[in-house]
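Enquirer: Just so it is clear, I am handing over run_9.cif, which has mmCIF, C-alpha atoms and all ligand atoms.
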```
data_work
loop_
_atom_site.label_atom_id
_atom_site.label_comp_id
_atom_site.auth_asym_id
_atom_site.auth_seq_id
_atom_site.Cartn_x
_atom_site.Cartn_y
_atom_site.Cartn_z
CA MET A 248 86.92 118.90 117.08
CA ALA A 249 83.92 117.16 115.46
CA LYS A 250 81.56 119.07 117.76
CA ARG A 251 83.27 122.41 117.12
CA GLN A 252 82.93 121.80 113.38
CA ILE A 253 79.15 121.32 113.84
CA ASP A 254 78.96 124.66 115.71
CA ILE A 255 80.84 126.49 112.98
CA VAL A 256 78.66 125.09 110.20
CA ALA A 257 75.39 125.43 112.17
CA GLU A 258 76.04 129.14 112.54
CA LYS A 259 76.78 129.57 108.84
CA MET A 260 73.64 127.72 107.73
CA HIS A 261 71.35 128.98 110.53
CA LEU A 262 70.67 125.39 111.55
CA ASN A 263 67.71 124.78 113.83
CA GLU A 264 69.03 124.60 117.46
CA ASN A 265 67.15 121.34 118.14
CA ILE A 266 68.68 119.61 115.14
CA LYS A 267 72.12 120.85 116.19
CA LYS A 268 71.62 119.41 119.69
CA TYR A 269 70.46 116.11 118.16
CA LEU A 270 73.40 115.82 115.77
CA LYS A 271 76.03 116.60 118.42
CA LYS A 272 75.24 113.38 120.28
CA VAL A 273 75.93 109.82 119.17
CA GLU A 274 72.94 107.44 119.09
CA ARG A 275 74.65 104.68 121.01
CA ALA A 276 78.15 103.72 122.16
CA LEU A 277 79.12 100.22 123.21
CA ILE A 278 82.24 99.56 125.30
CA VAL A 279 83.41 95.95 125.48
CA SER A 280 86.15 94.02 127.27
CA ILE A 281 88.09 91.54 125.18
CA PRO A 282 89.92 88.92 127.27
CA ILE A 283 92.59 87.06 125.29
CA MET A 284 94.76 84.13 126.31
CA MET A 285 98.14 85.17 124.93
CA ASP A 286 100.57 82.69 123.37
CA ASP A 287 102.68 82.72 126.55
CA GLY A 288 99.73 81.60 128.69
CA SER A 289 99.07 85.02 130.26
CA LEU A 290 95.68 86.74 130.05
CA LYS A 291 95.31 90.25 128.63
CA VAL A 292 92.08 92.23 128.59
CA PHE A 293 91.70 94.81 125.81
CA GLU A 294 89.02 97.47 125.52
CA GLY A 295 86.95 97.81 122.35
CA TYR A 296 84.21 100.13 121.10
CA ARG A 297 81.48 100.35 118.48
CA VAL A 298 79.65 103.65 118.13
CA HIS A 299 76.60 104.55 116.05
CA HIS A 300 76.47 108.29 115.56
CA SER A 301 73.38 108.21 113.33
CA THR A 302 71.22 105.62 111.64
CA ILE A 303 68.63 108.15 110.50
CA ARG A 304 69.43 107.71 106.80
CA GLY A 305 70.21 103.99 106.89
CA PRO A 306 72.33 101.35 108.66
CA GLY A 307 75.50 102.54 110.36
CA LYS A 308 78.67 102.31 108.28
CA GLY A 309 82.29 102.91 109.21
CA GLY A 310 85.62 101.24 109.78
CA ILE A 311 87.27 99.42 112.66
CA ARG A 312 90.62 100.61 113.92
CA PHE A 313 93.18 98.65 115.97
CA SER A 314 95.55 101.12 117.56
CA PRO A 315 97.02 101.94 120.98
CA ASN A 316 95.54 105.46 120.70
CA VAL A 317 91.93 104.32 120.25
CA ASN A 318 89.55 105.69 122.87
CA LEU A 319 85.81 106.31 123.12
CA ASP A 320 86.00 110.01 122.24
CA GLU A 321 88.07 109.32 119.14
CA VAL A 322 85.63 106.64 117.97
CA LYS A 323 82.66 108.98 118.58
CA ALA A 324 84.27 111.70 116.46
CA LEU A 325 85.11 109.24 113.70
CA ALA A 326 81.53 107.90 113.74
CA THR A 327 80.22 111.47 113.43
CA TRP A 328 82.44 112.14 110.40
CA MET A 329 81.10 108.95 108.81
CA THR A 330 77.55 110.30 109.11
CA TRP A 331 78.54 113.50 107.26
CA LYS A 332 80.46 111.57 104.63
CA ASN A 333 77.65 109.16 103.81
CA SER A 334 75.10 111.97 103.77
CA LEU A 335 77.32 114.15 101.57
CA LEU A 336 77.56 111.32 99.02
CA ASN A 337 73.82 110.74 99.38
CA LEU A 338 74.39 107.07 100.25
CA PRO A 339 71.48 105.44 102.13
CA LEU A 340 73.73 104.85 105.15
CA GLY A 341 74.33 106.32 108.58
CA GLY A 342 77.60 106.84 110.43
CA ALA A 343 79.39 104.42 112.75
CA LYS A 344 82.92 103.53 113.81
CA GLY A 345 84.69 100.99 115.97
CA GLY A 346 88.06 100.19 117.40
CA VAL A 347 90.16 98.29 119.86
CA CYS A 348 92.83 99.87 122.01
CA VAL A 349 95.72 97.58 121.09
CA ASP A 350 99.07 97.68 119.32
CA PRO A 351 98.50 94.88 116.78
CA THR A 352 102.20 94.79 115.83
CA LYS A 353 102.84 93.27 119.28
CA LEU A 354 100.41 90.37 118.65
CA SER A 355 101.06 87.06 116.92
CA ARG A 356 98.70 86.13 114.07
CA LYS A 357 96.88 83.72 116.38
CA GLU A 358 96.43 86.42 119.04
CA LEU A 359 95.21 88.90 116.40
CA GLU A 360 92.65 86.38 115.14
CA LYS A 361 91.43 85.66 118.70
CA LEU A 362 91.16 89.40 119.41
CA THR A 363 89.16 90.00 116.22
CA ARG A 364 86.83 87.06 116.83
CA ARG A 365 86.15 87.93 120.47
CA TYR A 366 85.65 91.63 119.62
CA THR A 367 83.13 90.63 116.92
CA ALA A 368 81.31 88.32 119.33
CA GLU A 369 81.09 91.17 121.87
CA ILE A 370 79.59 93.67 119.38
CA ILE A 371 77.46 91.12 117.51
CA ASN A 372 74.13 92.56 118.68
CA VAL A 373 74.83 96.01 117.25
CA ILE A 374 76.14 94.95 113.82
CA GLY A 375 74.44 93.31 110.83
CA PRO A 376 73.57 94.11 107.21
CA ASP A 377 70.47 96.09 108.29
CA ILE A 378 72.01 97.57 111.44
CA ASP A 379 75.65 98.53 111.03
CA ILE A 380 78.26 97.33 108.55
CA PRO A 381 81.92 97.60 109.65
CA ALA A 382 84.90 97.90 107.28
CA PRO A 383 88.72 98.16 107.54
CA ASP A 384 90.50 101.21 108.92
CA ILE A 385 93.93 101.79 110.52
CA ASN A 386 95.70 98.44 111.10
CA THR A 387 92.75 96.32 109.97
CA ASN A 388 92.45 94.65 106.58
CA SER A 389 90.53 92.15 104.46
CA GLN A 390 91.71 89.17 106.56
CA ILE A 391 90.30 90.79 109.69
CA MET A 392 87.01 91.42 107.84
CA ALA A 393 86.97 87.71 106.83
CA TRP A 394 87.28 86.65 110.49
CA MET A 395 84.52 89.10 111.48
CA MET A 396 82.21 87.81 108.75
CA ASP A 397 82.94 84.23 109.84
CA VAL A 398 82.06 84.89 113.51
CA TYR A 399 78.82 86.64 112.54
CA SER A 400 77.90 83.89 110.04
CA MET A 401 78.61 81.09 112.54
CA GLN A 402 76.33 82.80 115.02
CA LYS A 403 73.53 83.12 112.44
CA GLY A 404 74.01 79.61 111.07
CA ARG A 405 74.43 80.81 107.48
CA SER A 406 76.88 82.90 105.46
CA VAL A 407 76.18 86.61 105.81
CA PRO A 408 78.72 88.35 103.59
CA GLY A 409 76.90 91.70 103.85
CA VAL A 410 77.79 92.15 107.53
CA VAL A 411 81.17 93.73 106.68
CA THR A 412 82.77 95.29 103.62
CA GLY A 413 86.40 95.26 102.57
CA LYS A 414 86.31 91.43 102.59
CA PRO A 415 88.49 89.25 100.37
CA ILE A 416 86.95 88.87 96.89
CA GLU A 417 86.67 85.08 97.31
CA ILE A 418 84.05 85.48 100.07
CA GLY A 419 81.92 88.31 98.70
CA GLY A 420 84.34 91.23 98.55
CA SER A 421 84.33 93.70 95.69
CA VAL A 422 86.97 94.27 93.07
CA GLY A 423 88.46 97.71 93.49
CA ARG A 424 87.69 98.00 97.26
CA GLU A 425 91.31 97.66 98.39
CA SER A 426 92.43 100.70 96.37
CA ALA A 427 89.09 102.57 96.42
CA THR A 428 90.09 105.37 98.81
CA GLY A 429 93.26 106.05 96.82
CA MET A 430 91.33 105.90 93.55
CA GLY A 431 88.74 108.32 94.95
CA LEU A 432 91.49 110.72 96.05
CA PHE A 433 92.85 110.62 92.53
CA TYR A 434 89.47 111.51 90.96
CA ILE A 435 89.10 114.37 93.44
CA ILE A 436 92.63 115.72 92.82
CA ASP A 437 92.01 115.52 89.08
CA ALA A 438 88.68 117.38 89.44
CA LEU A 439 90.33 120.05 91.63
CA CYS A 440 93.14 120.59 89.12
CA LYS A 441 90.57 121.00 86.33
CA LYS A 442 88.58 123.59 88.34
CA GLU A 443 91.69 125.54 89.31
CA ASN A 444 93.35 125.22 85.90
CA TRP A 445 96.39 123.47 87.38
CA SER A 446 98.35 120.84 85.52
CA LEU A 447 98.08 117.56 87.43
CA LYS A 448 100.98 116.04 85.47
CA SER A 449 103.44 118.70 86.61
CA SER A 450 102.18 118.86 90.20
CA ARG A 451 104.57 117.85 92.99
CA VAL A 452 102.88 115.88 95.72
CA VAL A 453 103.78 115.14 99.36
CA ILE A 454 102.02 112.31 101.22
CA GLN A 455 101.98 111.54 104.94
CA GLY A 456 101.13 107.86 105.49
CA PHE A 457 102.12 104.85 103.41
CA GLY A 458 99.36 102.39 104.28
CA ASN A 459 96.19 101.60 102.37
CA VAL A 460 95.31 105.22 101.60
CA GLY A 461 98.79 106.79 101.30
CA GLY A 462 100.28 103.80 99.47
CA ASN A 463 97.46 103.55 96.93
CA ILE A 464 97.28 107.25 96.08
CA ALA A 465 101.10 107.31 95.79
CA ARG A 466 100.99 104.36 93.37
CA ILE A 467 98.15 105.79 91.28
CA LEU A 468 99.85 109.21 90.99
CA TYR A 469 103.16 107.55 90.16
CA GLU A 470 101.48 105.45 87.44
CA HIS A 471 100.04 108.68 85.99
CA GLY A 472 103.50 110.23 85.86
CA VAL A 473 102.92 112.65 88.77
CA LYS A 474 105.96 113.26 91.00
CA VAL A 475 105.58 112.21 94.63
CA ILE A 476 108.51 114.11 96.19
CA ALA A 477 108.04 112.94 99.80
CA ILE A 478 106.23 110.19 101.66
CA SER A 479 106.27 108.92 105.24
CA ASP A 480 105.15 106.10 107.48
CA VAL A 481 105.14 105.93 111.27
CA SER A 482 108.97 105.68 111.28
CA GLY A 483 109.45 108.95 109.34
CA GLY A 484 109.70 110.01 105.73
CA LEU A 485 111.82 110.14 102.58
CA TYR A 486 112.29 113.21 100.36
CA CYS A 487 113.66 113.59 96.85
CA LYS A 488 113.02 116.75 94.83
CA ASP A 489 113.10 114.77 91.56
CA GLY A 490 110.42 112.35 92.75
CA LEU A 491 110.56 109.04 94.63
CA ASP A 492 110.47 105.59 93.01
CA ILE A 493 107.12 104.61 94.52
CA GLU A 494 107.11 101.15 92.96
CA ASN A 495 110.31 100.20 94.77
CA LEU A 496 109.15 101.75 98.03
CA LEU A 497 105.89 99.78 97.86
CA GLN A 498 107.88 96.55 97.39
CA TRP A 499 110.02 97.51 100.38
CA ARG A 500 106.89 98.15 102.47
CA ASP A 501 105.23 94.91 101.36
CA ASN A 502 108.32 92.98 102.45
CA GLY A 503 107.94 94.44 105.94
CA GLY A 504 110.37 97.38 105.62
CA PHE A 505 109.90 100.78 107.27
CA LEU A 506 110.88 103.92 105.36
CA ASN A 507 113.57 104.90 107.89
CA GLU A 508 115.41 101.67 107.01
CA TYR A 509 115.32 102.28 103.25
CA ASP A 510 118.77 102.81 101.80
CA ASN A 511 119.11 105.22 98.88
CA ASN A 512 121.76 107.94 98.71
CA ASN A 513 119.56 110.18 96.57
CA TYR A 514 116.84 110.30 99.21
CA GLU A 515 116.91 112.49 102.27
CA PHE A 516 115.39 111.19 105.49
CA ILE A 517 112.94 113.60 107.13
CA SER A 518 110.67 113.55 110.15
CA ASN A 519 106.88 113.41 109.87
CA GLU A 520 106.70 117.00 111.17
CA ASP A 521 109.14 118.36 108.58
CA LEU A 522 107.43 116.46 105.79
CA LEU A 523 104.25 118.48 106.26
CA THR A 524 105.98 121.80 105.59
CA ILE A 525 107.88 120.80 102.44
CA GLN A 526 107.18 123.14 99.53
CA CYS A 527 104.89 121.31 97.09
CA ASP A 528 101.69 121.72 95.06
CA ILE A 529 99.46 119.17 96.78
CA LEU A 530 99.84 117.86 100.31
CA ILE A 531 97.97 114.66 101.19
CA PRO A 532 97.83 113.84 104.92
CA ALA A 533 96.89 110.13 104.86
CA ALA A 534 97.87 108.83 108.29
CA ILE A 535 96.16 110.06 111.48
CA GLU A 536 94.20 112.99 112.98
CA ASN A 537 95.34 116.46 114.10
CA GLN A 538 98.48 116.58 111.98
CA ILE A 539 97.91 120.08 110.59
CA ASN A 540 97.26 122.25 113.60
CA ILE A 541 97.92 125.65 115.10
CA SER A 542 101.62 124.88 115.52
CA ASN A 543 102.39 124.25 111.84
CA ALA A 544 99.53 125.77 109.78
CA GLU A 545 101.53 128.96 109.13
CA ASP A 546 104.38 126.89 107.71
CA ILE A 547 102.40 124.68 105.34
CA ASP A 548 103.74 125.46 101.87
CA CYS A 549 101.38 124.08 99.21
CA LYS A 550 98.50 125.16 96.97
CA ALA A 551 96.06 122.54 98.24
CA ILE A 552 95.66 120.01 101.01
CA VAL A 553 93.63 116.96 100.02
CA GLU A 554 92.67 115.07 103.18
CA GLY A 555 93.25 111.32 102.79
CA ALA A 556 93.08 110.74 106.55
CA ASN A 557 90.04 111.46 108.69
CA GLY A 558 90.36 114.68 110.70
CA PRO A 559 93.97 115.59 109.84
CA THR A 560 93.33 119.37 110.05
CA THR A 561 92.12 121.10 113.23
CA PRO A 562 89.50 123.90 113.04
CA GLU A 563 92.14 126.46 114.17
CA ALA A 564 94.46 125.37 111.37
CA ASP A 565 91.54 125.56 108.92
CA GLN A 566 91.12 129.26 109.70
CA ILE A 567 94.81 129.97 109.18
CA LEU A 568 94.85 128.03 105.90
CA ARG A 569 91.81 129.89 104.68
CA LYS A 570 93.50 133.25 105.33
CA ARG A 571 96.58 131.98 103.52
CA LYS A 572 94.36 130.94 100.55
CA ILE A 573 95.42 127.31 100.75
CA ILE A 574 92.57 125.15 99.46
CA VAL A 575 91.56 122.26 101.74
CA VAL A 576 89.54 119.44 100.22
CA PRO A 577 87.90 117.97 103.35
CA ASP A 578 88.16 114.35 104.42
CA ILE A 579 84.43 113.67 104.10
CA LEU A 580 84.77 114.35 100.38
CA ALA A 581 88.40 113.53 99.55
CA ASN A 582 88.60 110.09 101.17
CA ALA A 583 85.00 109.04 100.49
CA GLY A 584 86.04 106.59 97.75
CA GLY A 585 86.47 103.87 100.38
CA VAL A 586 82.96 104.03 101.76
CA CYS A 587 81.54 104.50 98.28
CA VAL A 588 82.99 101.20 97.04
CA SER A 589 82.06 99.64 100.40
CA TYR A 590 78.50 100.62 99.53
CA PHE A 591 78.91 98.99 96.11
CA GLU A 592 80.21 95.83 97.86
CA TYR A 593 77.19 95.83 100.16
CA ILE A 594 74.81 96.11 97.19
CA GLN A 595 76.65 93.33 95.33
CA ASP A 596 76.40 91.06 98.39
CA ILE A 597 72.66 91.69 98.74
CA HIS A 598 72.09 90.92 95.04
CA SER A 599 74.70 88.13 94.85
CA TYR A 600 75.77 89.72 91.59
CA PHE A 601 79.29 91.05 91.20
CA TRP A 602 80.38 93.98 89.09
CA LYS A 603 83.48 94.33 86.87
CA LEU A 604 86.23 96.79 87.81
CA ASP A 605 85.27 99.16 84.97
CA ARG A 606 81.80 99.58 86.42
CA ILE A 607 83.17 100.18 89.94
CA HIS A 608 85.51 102.89 88.68
CA GLN A 609 82.88 104.52 86.49
CA GLU A 610 80.24 104.66 89.24
CA LEU A 611 82.82 105.81 91.81
CA LYS A 612 84.05 108.58 89.53
CA ASN A 613 80.48 109.73 88.77
CA ILE A 614 79.50 110.01 92.42
CA LEU A 615 82.72 111.65 93.58
CA VAL A 616 83.17 114.13 90.76
CA ASN A 617 79.50 115.18 90.85
CA THR A 618 79.71 115.64 94.62
CA PHE A 619 82.98 117.57 94.28
CA ASN A 620 81.39 119.87 91.69
CA ASP A 621 78.36 120.50 93.95
CA VAL A 622 80.60 121.31 96.90
CA TYR A 623 82.87 123.54 94.82
CA LEU A 624 79.91 125.45 93.40
CA LEU A 625 78.32 125.98 96.82
CA SER A 626 81.62 127.15 98.31
CA LYS A 627 81.88 129.82 95.60
CA LYS A 628 78.22 130.81 95.95
CA GLU A 629 78.29 131.08 99.76
CA LYS A 630 81.92 132.28 99.90
CA VAL A 631 82.84 129.53 102.34
CA THR A 632 85.56 126.87 102.42
CA LEU A 633 85.06 123.52 100.73
CA ARG A 634 84.77 121.96 104.20
CA ILE A 635 81.92 124.24 105.24
CA ALA A 636 80.17 123.75 101.88
CA ALA A 637 80.50 119.95 102.18
CA TYR A 638 79.11 120.04 105.74
CA MET A 639 76.24 122.28 104.65
CA ILE A 640 75.15 119.76 102.03
CA ALA A 641 75.57 116.79 104.39
CA ILE A 642 73.85 118.38 107.39
CA ASN A 643 70.99 119.78 105.30
CA ARG A 644 70.21 116.28 104.07
CA LEU A 645 70.26 114.91 107.61
CA ALA A 646 68.17 117.76 108.99
CA ARG A 647 65.57 117.06 106.33
CA ALA A 648 65.53 113.35 107.23
CA ILE A 649 65.09 114.20 110.93
CA GLU A 650 62.26 116.61 110.12
CA LEU A 651 60.51 114.02 107.94
CA ARG A 652 60.83 111.19 110.43
CA GLY A 653 60.13 113.33 113.47
CA ILE A 654 61.53 112.66 116.93
CA PHE A 655 60.37 109.45 118.59
CA PRO A 656 58.19 109.09 120.67
N1 LIG B 1 91.37 102.42 104.51
C1 LIG B 1 90.38 103.14 104.02
O1 LIG B 1 89.66 102.72 103.10
C2 LIG B 1 90.13 104.54 104.55
C3 LIG B 1 89.04 105.24 104.02
C4 LIG B 1 88.83 106.56 104.42
C5 LIG B 1 89.69 107.13 105.35
N2 LIG B 1 90.72 106.41 105.87
C6 LIG B 1 91.58 107.12 106.84
O2 LIG B 1 92.89 107.23 106.28
C7 LIG B 1 93.86 107.21 107.33
C8 LIG B 1 94.85 106.08 107.06
O3 LIG B 1 94.13 104.84 107.00
P1 LIG B 1 94.75 103.54 106.31
O4 LIG B 1 93.61 102.62 106.08
O5 LIG B 1 95.65 103.93 105.18
O6 LIG B 1 95.61 102.96 107.51
P2 LIG B 1 96.90 102.01 107.40
O7 LIG B 1 97.03 101.37 108.72
O8 LIG B 1 96.83 101.15 106.19
O9 LIG B 1 98.11 103.05 107.19
C9 LIG B 1 98.40 104.07 108.10
C10 LIG B 1 99.73 104.71 107.71
O10 LIG B 1 100.01 105.80 108.59
C11 LIG B 1 101.27 105.61 109.22
N3 LIG B 1 101.22 106.15 110.58
C12 LIG B 1 100.65 105.59 111.67
N4 LIG B 1 100.83 106.39 112.74
C13 LIG B 1 101.50 107.48 112.30
C14 LIG B 1 101.99 108.64 112.94
N5 LIG B 1 101.85 108.84 114.25
N6 LIG B 1 102.63 109.57 112.15
C15 LIG B 1 102.80 109.36 110.84
N7 LIG B 1 102.38 108.26 110.19
C16 LIG B 1 101.74 107.34 110.91
C17 LIG B 1 101.50 104.11 109.20
O11 LIG B 1 102.88 103.79 109.29
C18 LIG B 1 100.92 103.76 107.83
O12 LIG B 1 101.87 104.03 106.81
C19 LIG B 1 93.06 107.08 108.62
O13 LIG B 1 92.78 108.39 109.09
C20 LIG B 1 91.76 106.44 108.16
O14 LIG B 1 90.69 106.70 109.05
C21 LIG B 1 90.96 105.14 105.50
#
```
What does this structure look like when you write it as structure tokens?
Expert:
Amino acid sequence: MAKRQIDIVAEKMHLNENIKKYLKKVERALIVSIPIMMDDGSLKVFEGYRVHHSTIRGPGKGGIRFSPNVNLDEVKALATWMTWKNSLLNLPLGGAKGGVCVDPTKLSRKELEKLTRRYTAEIINVIGPDIDIPAPDINTNSQIMAWMMDVYSMQKGRSVPGVVTGKPIEIGGSVGRESATGMGLFYIIDALCKKENWSLKSSRVVIQGFGNVGGNIARILYEHGVKVIAISDVSGGLYCKDGLDIENLLQWRDNGGFLNEYDNNNYEFISNEDLLTIQCDILIPAAIENQINISNAEDIDCKAIVEGANGPTTPEADQILRKRKIIVVPDILANAGGVCVSYFEYIQDIHSYFWKLDRIHQELKNILVNTFNDVYLLSKKEKVTLRIAAYMIAINRLARAIELRGIFP
């Protein structure tokens, strides 16, 4: 899917064939084995990956995912999308991604810590503040980043907070990082509503995913008085045409509850598939890839899709949505708030000087809204989708960097 997207955009922007060839390949991909002594005395060996798609514009940057579906191809695609995202935002960073093929819900805390520490030790030569800076993604969080930073620091013999972002604030994390992707989505949705002359306040929103991204955007919208009429997690979703009580649902989630166990007579239980086709104004897929595809694109019933997840819409679905005049704000723009504040965290660590939340929000809003406006303008000028326009900006910047640096040797 990531490669097909490059082909589509390359054709539109008459990209030099050599640059296209270059950008379709990842720079390096590391596969590691992670042997773990389990609590019951048995040994399990997990497989992990760290991929650098491009470090042309700066150190690699991208999250680490713990999930049973992780595989090398997925990580390569995710690393590629990180390159576009960082280039689109004009951050001095490349694109990377990592993951371990594991179901972390089946591990004890001790096993999870061992897995994280051994994985970090195995990839230690390809990460570092000047090389590649991991961050949280699906099923990883600030605690996991703290363990990663500790392993790296122990190896170096000094504290190196800048090796990962999304750390706890007490050890060099940034205020506002935890909710940054949700906050960024909010700024983008607000900017979109302004451009399209829609009222954000009276919009009805559906969200797939109730983790970091889905949960935070749900909370922020709810706090702004916007109705979230459906939301789901891996167990399924809840629907209420008058709007869900997101505050209560977040409490339920934080106490370990799944949405399919939530008891409320006013809410209807729905599957993840049905949730995507509910009639609404804005649909936010914020869980996993390939959710909007050829099988359901004709049935999507909203004015705009704002991609919280990475890669939730397939290229085939994109074409159908375009014909149906449904606006799609692409992942590399919509969910870029996370990497943007990760970049702020990285800068703060280097300078050992920490910003206040107001500054984080102001700088985040500036970057995202300016980028959104550039993408929107280009899409109108070139009569292309927002995704193609965003890719054109990102790939142009990379192509220029490749031209300037030349190809070694
Ligand atoms: N965390 C970030 O800062 C960040 C930044 C940019 C993009 N993203 C992307 O956003 C997406 C979600 O990441 P996250 O950090 O919120 O992860 P998370 O682990 O915090 O939450 C994932 C959510 O999706 C649900 N889910 C998992 N599998 C599902 C399935 N098969 N069907 C439906 N729901 C399912 C989970 O129950 C959970 O509610 C991913 O695509 C990730 O790459 C995350």
Enquirer: Taking all atoms listed in the file into account, list the residues no farther than 8 Å from ligand LIG 1 (chain B), as a ChimeraX atom specification.
Expert: /A:310,312,325,382-388,424-429,455-462,479-483,505,519,533-536,555-559,578,582-586
Enquirer: Using atom CA of A:Ile281 and atom CA of A:Glu294 as the two end points, give the distance in Å to one decimal.
Expert: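 Result for atom CA of A:Ile281 versus atom CA of A:Glu294: 6.0 Å, one decimal.
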Enquirer: With only C-alpha atoms as the atoms that count, which of A:Arg647, A:Lys267, A:Lys357, A:Arg304 lies nearest to A:Pro339?
Expert: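 Once distances to A:Pro339 are computed over only C-alpha atoms, the minimum belongs to A:Arg304.
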Enquirer: By how many Å are atom CA of A:Met329 and atom CA of A:Leu468 apart?
Expert: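 It comes out at 25.9 Å.
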Enquirer: Using all atoms listed in the file, determine which residues lie at most 8 Å from A:Ser314, disregarding the query and same-chain residues fewer than 4 positions distant; provide the list as a list in words.
Expert: Gly346, Val347, Cys348, Val349, Asp350, Pro351, Ile385 and Asn386 of chain A
Enquirer: Could you tell me how far atom CA of A:Val398 lies from atom CA of A:Val410, in Å and to one decimal?
Expert: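 Atom CA of A:Val410 lies at a distance of 10.3 Å from atom CA of A:Val398.
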Enquirer: Need the shell around A:Glu563: protein/DNA/RNA residues with any atom at most 9 Å away, counting only C-alpha atoms. Skip same-chain ones fewer than 6 positions apart. Format as a list of chain:residue names?
Expert: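 So, after excluding close chain neighbours, the residues are A:Asn540, A:Ile541, A:Ala544.
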Enquirer: Restricting the calculation to all atoms listed in the file, which member of A:Tyr486, A:Ser355, A:Ala564, A:Asn265 is positioned closest to A:Ser542?
Expert: A:Ala564
Enquirer: Which residues are near A:Ile303? Cut-off 9 Å, only C-alpha atoms, ignore same chain within fewer than 6 positions. Put them as an mmCIF file with C-alpha atoms, keeping the file's coordinate frame.
Expert:
```cif
data_model
loop_
_atom_site.group_PDB
_atom_site.id
_atom_site.type_symbol
_atom_site.label_atom_id
_atom_site.label_comp_id
_atom_site.auth_asym_id
_atom_site.auth_seq_id
_atom_site.Cartn_x
_atom_site.Cartn_y
_atom_site.Cartn_z
ATOM 1 C CA LEU A 340 73.730 104.850 105.150
ATOM 2 C CA GLY A 341 74.330 106.320 108.580
ATOM 3 C CA LEU A 645 70.260 114.910 107.610
ATOM 4 C CA ALA A 648 65.530 113.350 107.230
ATOM 5 C CA ILE A 649 65.090 114.200 110.930
ATOM 6 C CA ARG A 652 60.830 111.190 110.430
#
```
Enquirer: Between A:Glu360, A:Glu443, A:Asp605, A:Asp621, single out the one closest to A:Ile574, counting only C-alpha atoms.
Expert: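 Residue with the minimum atom-to-atom distance to A:Ile574: A:Glu443.
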Enquirer: May I ask which of the residues A:Met248, A:Leu262, A:Ile374, A:Ala257 is the closest one to A:Pro562, counting all atoms listed in the file?
Expert: A:Met248
Enquirer: For stretch 283-308 of chain A of the structure just presented, write C-alpha atoms to a file, as a compact mmCIF listing (two decimals), in the first residue's frame.
Expert:
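Now in selection-v2.txt:
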```txt
# COMPACT_ATOMS: atom_id res chain seq x y z
CA ILE A 283 12.49 -14.28 27.44
CA MET A 284 12.34 -16.50 30.50
CA MET A 285 8.63 -16.46 31.29
CA ASP A 286 7.29 -16.39 34.86
CA ASP A 287 6.46 -20.11 34.65
CA GLY A 288 10.08 -21.02 33.86
CA SER A 289 9.51 -21.69 30.14
CA LEU A 290 11.48 -19.88 27.42
CA LYS A 291 9.74 -17.94 24.65
CA VAL A 292 11.50 -16.32 21.71
CA PHE A 293 9.79 -13.28 20.18
CA GLU A 294 10.70 -11.56 16.92
CA GLY A 295 11.33 -7.80 16.82
CA TYR A 296 12.17 -5.24 14.15
CA ARG A 297 13.56 -1.74 13.73
CA VAL A 298 13.45 -0.22 10.27
CA HIS A 299 14.96 3.03 8.97
CA HIS A 300 13.19 4.06 5.80
CA SER A 301 15.13 7.30 5.39
CA THR A 302 17.64 9.33 7.36
CA ILE A 303 18.28 11.78 4.52
CA ARG A 304 16.72 14.73 6.34
CA GLY A 305 17.82 13.79 9.86
CA PRO A 306 17.80 10.96 12.42
CA GLY A 307 15.11 8.33 12.06
CA LYS A 308 11.96 8.90 14.09
```
